[in-house]
file coords.tsv (TSV, C-alpha atoms)
chain	number	residue	atom	x	y	z
Y	1	MET	CA	-16.36	42.00	5.90
Y	2	LYS	CA	-14.76	39.54	3.50
Y	3	LYS	CA	-14.33	35.86	4.26
Y	4	PRO	CA	-10.96	35.20	5.94
Y	5	LYS	CA	-8.46	32.68	4.59
Y	6	TYR	CA	-8.36	29.30	6.33
Y	7	PRO	CA	-5.41	29.56	8.76
Y	8	LEU	CA	-4.35	25.92	8.35
Y	9	GLU	CA	-4.41	25.93	4.53
Y	10	GLU	CA	-0.69	25.15	4.18
Y	11	ILE	CA	-0.93	22.28	6.66
Y	12	ASP	CA	-3.97	20.98	4.78
Y	13	GLN	CA	-1.99	20.98	1.52
Y	14	ILE	CA	0.95	19.21	3.19
Y	15	LYS	CA	-1.34	16.53	4.66
Y	16	LYS	CA	-2.99	15.95	1.29
Y	17	LYS	CA	0.41	15.67	-0.40
Y	18	ARG	CA	1.55	13.14	2.21
Y	19	LEU	CA	-1.65	11.16	1.61
Y	20	GLU	CA	-0.93	11.05	-2.12
Y	21	GLU	CA	2.64	9.94	-1.43
Y	22	ALA	CA	1.40	7.20	0.91
Y	23	GLU	CA	-1.04	5.99	-1.76
Y	24	LYS	CA	1.76	5.94	-4.34
Y	25	SER	CA	4.07	4.12	-1.94
Y	26	LEU	CA	1.42	1.49	-1.19
Y	27	GLN	CA	0.87	0.93	-4.91
Y	28	GLU	CA	4.61	0.51	-5.52
Y	29	LYS	CA	4.93	-1.94	-2.63
Y	30	LYS	CA	1.97	-3.96	-3.89
Y	31	GLU	CA	3.60	-4.16	-7.32
Y	32	PHE	CA	6.88	-5.26	-5.75
Y	33	LEU	CA	5.03	-7.91	-3.72
Y	34	ALA	CA	3.38	-9.22	-6.88
Y	35	LYS	CA	6.80	-9.52	-8.58
Y	36	GLU	CA	8.23	-11.36	-5.58
Y	37	GLN	CA	5.26	-13.74	-5.52
Y	38	LYS	CA	5.74	-14.48	-9.23
Y	39	LYS	CA	9.40	-15.25	-8.58
Y	40	LEU	CA	8.37	-17.59	-5.76
Y	41	GLU	CA	5.88	-19.35	-8.03
Y	42	GLN	CA	8.58	-19.82	-10.67
Y	43	TYR	CA	11.05	-21.19	-8.11
Y	44	MET	CA	8.39	-23.59	-6.86
Y	45	LYS	CA	7.71	-24.76	-10.42
Y	46	ASP	CA	11.44	-25.30	-10.93
Y	47	LEU	CA	11.58	-27.28	-7.70
Y	48	GLU	CA	8.66	-29.44	-8.82
Y	49	LEU	CA	10.37	-30.09	-12.16
Y	50	ILE	CA	13.50	-31.29	-10.38
Y	51	LYS	CA	11.42	-33.51	-8.09
Y	52	GLN	CA	9.70	-34.98	-11.14
Y	53	HIS	CA	13.07	-35.52	-12.81
Y	54	LYS	CA	14.30	-37.33	-9.71
Y	55	ILE	CA	11.23	-39.58	-9.65
Y	56	GLU	CA	11.68	-40.35	-13.37
Y	57	LYS	CA	15.35	-41.26	-12.86
Y	58	ILE	CA	14.47	-43.51	-9.90
Y	59	ARG	CA	11.84	-45.27	-12.03
Y	60	GLN	CA	14.31	-45.68	-14.86
Y	61	MET	CA	16.82	-47.16	-12.46
Y	62	MET	CA	14.21	-49.55	-11.03
Y	63	ASP	CA	13.15	-50.63	-14.53
Y	64	GLU	CA	16.75	-51.31	-15.50
Y	65	MET	CA	17.32	-53.26	-12.29
Y	66	GLN	CA	14.31	-55.45	-13.03
Y	67	LYS	CA	15.49	-56.06	-16.61
Y	68	GLY	CA	18.91	-56.87	-15.37
Y	69	THR	CA	21.85	-54.53	-15.67
Y	70	THR	CA	25.39	-54.33	-14.42
Y	71	SER	CA	26.21	-53.05	-10.99
Y	72	ASP	CA	28.40	-50.38	-12.56
Y	73	GLN	CA	25.39	-48.91	-14.36
Y	74	ILE	CA	23.36	-48.93	-11.17
Y	75	MET	CA	26.16	-47.23	-9.25
Y	76	LEU	CA	26.49	-44.57	-11.95
Y	77	LYS	CA	22.80	-43.83	-11.80
Y	78	GLU	CA	22.82	-43.74	-7.98
Y	79	ARG	CA	25.77	-41.37	-8.03
Y	80	TYR	CA	23.98	-39.18	-10.59
Y	81	LEU	CA	20.92	-39.09	-8.35
Y	82	LYS	CA	22.93	-38.25	-5.26
Y	83	VAL	CA	25.32	-35.74	-6.73
Y	84	VAL	CA	23.47	-33.99	-9.51
Y	85	VAL	CA	19.79	-34.29	-8.72
Y	86	GLU	CA	20.08	-33.94	-4.94
Y	87	GLU	CA	22.32	-30.88	-5.30
Y	88	LYS	CA	19.88	-29.27	-7.71
Y	89	LEU	CA	17.06	-30.12	-5.35
Y	90	LYS	CA	18.88	-28.55	-2.40
Y	91	ARG	CA	19.73	-25.40	-4.37
Y	92	GLU	CA	16.17	-24.97	-5.62
Y	93	HIS	CA	14.76	-25.64	-2.16
Y	94	ALA	CA	17.11	-22.99	-0.73
Y	95	LYS	CA	15.96	-20.56	-3.43
Y	96	VAL	CA	12.33	-21.25	-2.53
Y	97	LEU	CA	12.99	-20.68	1.17
Y	98	GLU	CA	14.90	-17.47	0.48
Y	99	GLN	CA	12.17	-16.22	-1.83
Y	100	GLN	CA	9.53	-17.03	0.78
Y	101	LYS	CA	11.44	-14.75	3.16
Y	102	GLU	CA	11.50	-12.02	0.51
Y	103	VAL	CA	7.75	-12.40	-0.06
Y	104	LYS	CA	7.16	-12.17	3.69
Y	105	LYS	CA	9.26	-8.99	3.86
Y	106	ALA	CA	7.32	-7.51	0.94
Y	107	GLN	CA	4.02	-8.42	2.64
Y	108	ASP	CA	5.20	-6.70	5.82
Y	109	GLU	CA	6.13	-3.60	3.81
Y	110	VAL	CA	2.69	-3.56	2.19
Y	111	GLU	CA	1.08	-3.84	5.63
Y	112	LYS	CA	3.19	-0.94	6.95
Y	113	ALA	CA	2.28	1.13	3.90
Y	114	ARG	CA	-1.42	0.37	4.46
Y	115	ASP	CA	-1.15	1.45	8.08
Y	116	LEU	CA	0.62	4.65	7.08
Y	117	LEU	CA	-1.99	5.33	4.40
Y	118	GLU	CA	-4.78	4.85	6.93
Y	119	GLN	CA	-3.05	7.24	9.32
Y	120	ARG	CA	-2.63	9.83	6.54
Y	121	ARG	CA	-6.31	9.48	5.62
Y	122	GLN	CA	-7.30	10.06	9.23
Y	123	ASP	CA	-5.10	13.16	9.36
Y	124	VAL	CA	-6.73	14.56	6.22
Y	125	ASP	CA	-10.21	13.71	7.53
Y	126	LYS	CA	-9.52	15.42	10.86
Y	127	LEU	CA	-8.32	18.53	9.09
Y	128	ARG	CA	-11.33	18.42	6.73
Y	129	MET	CA	-13.69	18.25	9.71
Y	130	HIS	CA	-11.80	21.10	11.38
Y	131	ARG	CA	-12.09	23.14	8.21
Y	132	GLU	CA	-15.83	22.49	7.99
Y	133	ASP	CA	-16.27	23.57	11.62
Y	134	TRP	CA	-14.13	26.65	11.00
Y	135	GLU	CA	-16.11	27.57	7.85
Y	136	GLN	CA	-19.38	27.17	9.74
Y	137	GLU	CA	-18.08	29.43	12.50
Y	138	VAL	CA	-16.91	32.02	9.97
Y	139	ARG	CA	-20.32	31.89	8.26
Y	140	LYS	CA	-22.02	32.58	11.59
Y	141	GLU	CA	-19.67	35.49	12.26
Y	142	LEU	CA	-20.29	36.92	8.77
Y	143	GLU	CA	-24.05	36.59	9.22
Y	144	ALA	CA	-23.83	38.30	12.60
Y	145	PHE	CA	-21.73	41.04	11.06
Y	146	ASP	CA	-24.25	41.48	8.23
Y	147	VAL	CA	-27.15	41.62	10.71
Y	148	LYS	CA	-25.31	44.19	12.81
Y	149	GLU	CA	-24.46	46.26	9.75
Y	150	THR	CA	-28.07	46.09	8.51
Y	151	ASP	CA	-29.31	47.18	11.93
Y	152	GLU	CA	-26.90	50.10	11.95
Y	153	ILE	CA	-28.02	51.17	8.48
Y	154	GLY	CA	-31.68	50.88	9.52
Y	155	THR	CA	-31.05	52.89	12.67
Y	156	THR	CA	-29.23	55.57	10.71
Y	157	ILE	CA	-32.05	55.83	8.16
Y	158	HIS	CA	-34.63	55.96	10.95
Y	159	THR	CA	-32.71	58.64	12.81
Y	160	ALA	CA	-32.22	60.67	9.65
Y	161	ARG	CA	-35.95	60.56	8.86
Y	162	LYS	CA	-36.89	61.36	12.41
Y	163	TYR	CA	-34.87	64.56	12.53
Y	164	LYS	CA	-35.53	65.56	8.94
Y	165	PRO	CA	-37.57	68.71	8.75
Y	166	GLY	CA	-41.05	67.91	7.63
Y	167	GLY	CA	-41.20	64.36	8.99
Y	168	LYS	CA	-41.27	61.60	6.51
call {"tool": "encode", "arguments": {"input": "coords.tsv", "output": "C-alpha cells"}}
result
Amino acid sequence: MKKPKYPLEEIDQIKKKRLEEAEKSLQEKKEFLAKEQKKLEQYMKDLELIKQHKIEKIRQMMDEMQKGTTSDQIMLKERYLKVVVEEKLKREHAKVLEQQKEVKKAQDEVEKARDLLEQRRQDVDKLRMHREDWEQEVRKELEAFDVKETDEIGTTIHTARKYKPGGK
C-alpha cells in the first residue's frame, strides 16, 4: 500500500500563501509608517525653525526699542510678527497636527497587519499540527498493513510447507 496524499494539501498551500502575503503587507505598512514618521520629524523641525525665527525677531525688536527707534519701525516689526511669522507658525502647526494623524493611522494599519499576520501564523500552525497527526495515523495504518501482509505471507508459506509432500 502506498502512502496516500494529504487531503488538505491545497488548503495548506493557500494558508501558506496568505501567510506570505500578510508578512509582505506588514513589511510594506512598516515602511510606510517609517516614511510618515520622517515627514512628521521634518515638519516638527520646520516648526521649531519658525519658532526660533519668531524669538529672534522679538529679540531684535526689543533691542531696537532699547536703543531707541521710531514707532513706525516698531509697528512694522509687530505687523511682520503678527502677519508673516504667526501665519507661518499656524500653517506649520496645522501640518504637524495633520501629520500626527497620518502617523497614527499608519500605526493602526501596522497593528492590524500584525494581528492578521499572527492569525495567519496560527492557521498555518494548526494545519501543520493536523498534518503531523494525519501522517502519524497514516504511518500506523501502513505499519499495520505491512504486519498483516507479512503475517499472510508467513501463513501461506507455512501452509504450503505443511501440505508439501515430504514435509519440509
call {"tool": "residues_near_point", "arguments": {"input": "coords.tsv", "point": "(7.3, -7.6, -5.1)", "cutoff": "12 Å", "atoms": "only C-alpha atoms", "output": "ChimeraX atom specification"}}
result
/Y:26-40,99-110
call {"tool": "residues_around", "arguments": {"input": "coords.tsv", "residues": "Ile14 (chain Y)", "least_positions_apart": "4", "cutoff": "12 Å", "atoms": "only C-alpha atoms", "output": "mmCIF file with C-alpha atoms, keeping the file's coordinate frame"}}
result
data_model
loop_
_atom_site.group_PDB
_atom_site.id
_atom_site.type_symbol
_atom_site.label_atom_id
_atom_site.label_comp_id
_atom_site.auth_asym_id
_atom_site.auth_seq_id
_atom_site.Cartn_x
_atom_site.Cartn_y
_atom_site.Cartn_z
ATOM 1 C CA LEU Y 8 -4.350 25.920 8.350
ATOM 2 C CA GLU Y 9 -4.410 25.930 4.530
ATOM 3 C CA GLU Y 10 -0.690 25.150 4.180
ATOM 4 C CA ARG Y 18 1.550 13.140 2.210
ATOM 5 C CA LEU Y 19 -1.650 11.160 1.610
ATOM 6 C CA GLU Y 20 -0.930 11.050 -2.120
ATOM 7 C CA GLU Y 21 2.640 9.940 -1.430
ATOM 8 C CA ARG Y 120 -2.630 9.830 6.540
ATOM 9 C CA ASP Y 123 -5.100 13.160 9.360
ATOM 10 C CA VAL Y 124 -6.730 14.560 6.220
ATOM 11 C CA LEU Y 127 -8.320 18.530 9.090
#
call {"tool": "axis_aligned_box", "arguments": {"input": "coords.tsv", "around": "region 6-20 of chain Y", "padding_each_side": "8 Å", "output": "lines of an AutoDock Vina configuration file"}}
result
center_x = -3.4
center_y = 20.3
center_z = 3.3
size_x = 25.9
size_y = 34.5
size_z = 26.9
call {"tool": "atom_distance", "arguments": {"input": "coords.tsv", "atom1": "CA of Ala113 (chain Y)", "atom2": "CA of Val96 (chain Y)"}}
result
25.4 Å
call {"tool": "atom_distance", "arguments": {"input": "coords.tsv", "atom1": "CA of Asp72 (chain Y)", "atom2": "CA of Lys90 (chain Y)"}}
result
25.9 Å
call {"tool": "atom_distance", "arguments": {"input": "coords.tsv", "atom1": "CA of Leu76 (chain Y)", "atom2": "CA of Lys88 (chain Y)"}}
result
17.2 Å
call {"tool": "closest_residue", "arguments": {"input": "coords.tsv", "among": "Y:Arg128, Y:His93, Y:Lys57, Y:Lys162", "to": "Lys45 (chain Y)", "atoms": "only C-alpha atoms"}}
result
Y:His93
call {"tool": "residues_around", "arguments": {"input": "coords.tsv", "residues": "region 139-151 of chain Y", "least_positions_apart": "4", "cutoff": "10 Å", "atoms": "only C-alpha atoms", "output": "compact mmCIF listing (two decimals) with C-alpha atoms, in the coordinates of the input"}}
result
# COMPACT_ATOMS: atom_id res chain seq x y z
CA MET Y 1 -16.36 42.00 5.90
CA LYS Y 2 -14.76 39.54 3.50
CA LYS Y 3 -14.33 35.86 4.26
CA PRO Y 4 -10.96 35.20 5.94
CA ASP Y 133 -16.27 23.57 11.62
CA TRP Y 134 -14.13 26.65 11.00
CA GLU Y 135 -16.11 27.57 7.85
CA THR Y 155 -31.05 52.89 12.67
CA THR Y 156 -29.23 55.57 10.71
CA ILE Y 157 -32.05 55.83 8.16
call {"tool": "residues_around", "arguments": {"input": "coords.tsv", "residues": "Glu92 (chain Y)", "least_positions_apart": "4", "cutoff": "9 Å", "atoms": "only C-alpha atoms", "output": "list in words"}}
result
Tyr43, Met44, Asp46, Leu47, Ile50, Glu87, Lys88, Val96 and Leu97 of chain Y
call {"tool": "closest_residue", "arguments": {"input": "coords.tsv", "among": "Y:Gly154, Y:Ala22, Y:Arg161, Y:His53", "to": "Arg121 (chain Y)", "atoms": "all atoms listed in the file"}}
result
Y:Ala22
call {"tool": "build_atoms", "arguments": {"input": "coords.tsv", "residues": "region 49-75 of chain Y", "atoms": "N, CA and C atoms", "output": "PDB file, in the coordinates of the input"}}
result
ATOM      1  N   LEU Y  49       9.768 -29.447 -10.991  1.00  0.00           N
ATOM      2  CA  LEU Y  49      10.370 -30.090 -12.160  1.00  0.00           C
ATOM      3  C   LEU Y  49      11.544 -30.983 -11.746  1.00  0.00           C
ATOM      4  N   ILE Y  50      12.352 -30.489 -10.843  1.00  0.00           N
ATOM      5  CA  ILE Y  50      13.500 -31.290 -10.380  1.00  0.00           C
ATOM      6  C   ILE Y  50      13.014 -32.518  -9.618  1.00  0.00           C
ATOM      7  N   LYS Y  51      11.978 -32.344  -8.814  1.00  0.00           N
ATOM      8  CA  LYS Y  51      11.420 -33.510  -8.090  1.00  0.00           C
ATOM      9  C   LYS Y  51      10.898 -34.542  -9.087  1.00  0.00           C
ATOM     10  N   GLN Y  52      10.207 -34.066 -10.117  1.00  0.00           N
ATOM     11  CA  GLN Y  52       9.700 -34.980 -11.140  1.00  0.00           C
ATOM     12  C   GLN Y  52      10.844 -35.685 -11.864  1.00  0.00           C
ATOM     13  N   HIS Y  53      11.893 -34.928 -12.155  1.00  0.00           N
ATOM     14  CA  HIS Y  53      13.070 -35.520 -12.810  1.00  0.00           C
ATOM     15  C   HIS Y  53      13.672 -36.607 -11.928  1.00  0.00           C
ATOM     16  N   LYS Y  54      13.747 -36.341 -10.641  1.00  0.00           N
ATOM     17  CA  LYS Y  54      14.300 -37.330  -9.710  1.00  0.00           C
ATOM     18  C   LYS Y  54      13.447 -38.594  -9.711  1.00  0.00           C
ATOM     19  N   ILE Y  55      12.136 -38.426  -9.652  1.00  0.00           N
ATOM     20  CA  ILE Y  55      11.230 -39.580  -9.650  1.00  0.00           C
ATOM     21  C   ILE Y  55      11.391 -40.379 -10.946  1.00  0.00           C
ATOM     22  N   GLU Y  56      11.505 -39.664 -12.085  1.00  0.00           N
ATOM     23  CA  GLU Y  56      11.680 -40.350 -13.370  1.00  0.00           C
ATOM     24  C   GLU Y  56      12.983 -41.160 -13.378  1.00  0.00           C
ATOM     25  N   LYS Y  57      14.056 -40.573 -12.877  1.00  0.00           N
ATOM     26  CA  LYS Y  57      15.350 -41.260 -12.860  1.00  0.00           C
ATOM     27  C   LYS Y  57      15.297 -42.487 -11.942  1.00  0.00           C
ATOM     28  N   ILE Y  58      14.604 -42.364 -10.811  1.00  0.00           N
ATOM     29  CA  ILE Y  58      14.470 -43.510  -9.900  1.00  0.00           C
ATOM     30  C   ILE Y  58      13.681 -44.620 -10.599  1.00  0.00           C
ATOM     31  N   ARG Y  59      12.619 -44.258 -11.298  1.00  0.00           N
ATOM     32  CA  ARG Y  59      11.840 -45.270 -12.030  1.00  0.00           C
ATOM     33  C   ARG Y  59      12.671 -45.929 -13.116  1.00  0.00           C
ATOM     34  N   GLN Y  60      13.442 -45.111 -13.823  1.00  0.00           N
ATOM     35  CA  GLN Y  60      14.310 -45.680 -14.860  1.00  0.00           C
ATOM     36  C   GLN Y  60      15.293 -46.681 -14.246  1.00  0.00           C
ATOM     37  N   MET Y  61      15.852 -46.285 -13.120  1.00  0.00           N
ATOM     38  CA  MET Y  61      16.820 -47.160 -12.460  1.00  0.00           C
ATOM     39  C   MET Y  61      16.136 -48.453 -12.009  1.00  0.00           C
ATOM     40  N   MET Y  62      14.947 -48.351 -11.474  1.00  0.00           N
ATOM     41  CA  MET Y  62      14.210 -49.550 -11.030  1.00  0.00           C
ATOM     42  C   MET Y  62      13.872 -50.442 -12.220  1.00  0.00           C
ATOM     43  N   ASP Y  63      13.445 -49.844 -13.326  1.00  0.00           N
ATOM     44  CA  ASP Y  63      13.150 -50.630 -14.530  1.00  0.00           C
ATOM     45  C   ASP Y  63      14.381 -51.373 -15.021  1.00  0.00           C
ATOM     46  N   GLU Y  64      15.513 -50.683 -15.034  1.00  0.00           N
ATOM     47  CA  GLU Y  64      16.750 -51.310 -15.500  1.00  0.00           C
ATOM     48  C   GLU Y  64      17.183 -52.423 -14.552  1.00  0.00           C
ATOM     49  N   MET Y  65      16.951 -52.223 -13.250  1.00  0.00           N
ATOM     50  CA  MET Y  65      17.320 -53.260 -12.290  1.00  0.00           C
ATOM     51  C   MET Y  65      16.453 -54.501 -12.491  1.00  0.00           C
ATOM     52  N   GLN Y  66      15.186 -54.301 -12.809  1.00  0.00           N
ATOM     53  CA  GLN Y  66      14.310 -55.450 -13.030  1.00  0.00           C
ATOM     54  C   GLN Y  66      14.677 -56.177 -14.316  1.00  0.00           C
ATOM     55  N   LYS Y  67      15.099 -55.437 -15.338  1.00  0.00           N
ATOM     56  CA  LYS Y  67      15.490 -56.060 -16.610  1.00  0.00           C
ATOM     57  C   LYS Y  67      16.843 -56.746 -16.483  1.00  0.00           C
ATOM     58  N   GLY Y  68      17.593 -56.279 -15.577  1.00  0.00           N
ATOM     59  CA  GLY Y  68      18.910 -56.870 -15.370  1.00  0.00           C
ATOM     60  C   GLY Y  68      19.962 -55.972 -15.992  1.00  0.00           C
ATOM     61  N   THR Y  69      20.788 -55.418 -15.195  1.00  0.00           N
ATOM     62  CA  THR Y  69      21.850 -54.530 -15.670  1.00  0.00           C
ATOM     63  C   THR Y  69      23.072 -54.754 -14.793  1.00  0.00           C
ATOM     64  N   THR Y  70      24.150 -54.141 -15.180  1.00  0.00           N
ATOM     65  CA  THR Y  70      25.390 -54.330 -14.420  1.00  0.00           C
ATOM     66  C   THR Y  70      25.378 -53.428 -13.180  1.00  0.00           C
ATOM     67  N   SER Y  71      26.147 -53.837 -12.226  1.00  0.00           N
ATOM     68  CA  SER Y  71      26.210 -53.050 -10.990  1.00  0.00           C
ATOM     69  C   SER Y  71      26.885 -51.711 -11.243  1.00  0.00           C
ATOM     70  N   ASP Y  72      27.764 -51.662 -12.229  1.00  0.00           N
ATOM     71  CA  ASP Y  72      28.400 -50.380 -12.560  1.00  0.00           C
ATOM     72  C   ASP Y  72      27.370 -49.359 -13.036  1.00  0.00           C
ATOM     73  N   GLN Y  73      26.441 -49.798 -13.856  1.00  0.00           N
ATOM     74  CA  GLN Y  73      25.390 -48.910 -14.360  1.00  0.00           C
ATOM     75  C   GLN Y  73      24.503 -48.405 -13.210  1.00  0.00           C
ATOM     76  N   ILE Y  74      24.194 -49.310 -12.310  1.00  0.00           N
ATOM     77  CA  ILE Y  74      23.360 -48.930 -11.170  1.00  0.00           C
ATOM     78  C   ILE Y  74      24.095 -47.915 -10.299  1.00  0.00           C
ATOM     79  N   MET Y  75      25.370 -48.150 -10.070  1.00  0.00           N
ATOM     80  CA  MET Y  75      26.160 -47.230  -9.250  1.00  0.00           C
ATOM     81  C   MET Y  75      26.273 -45.857  -9.914  1.00  0.00           C
TER      82      MET Y  75
END
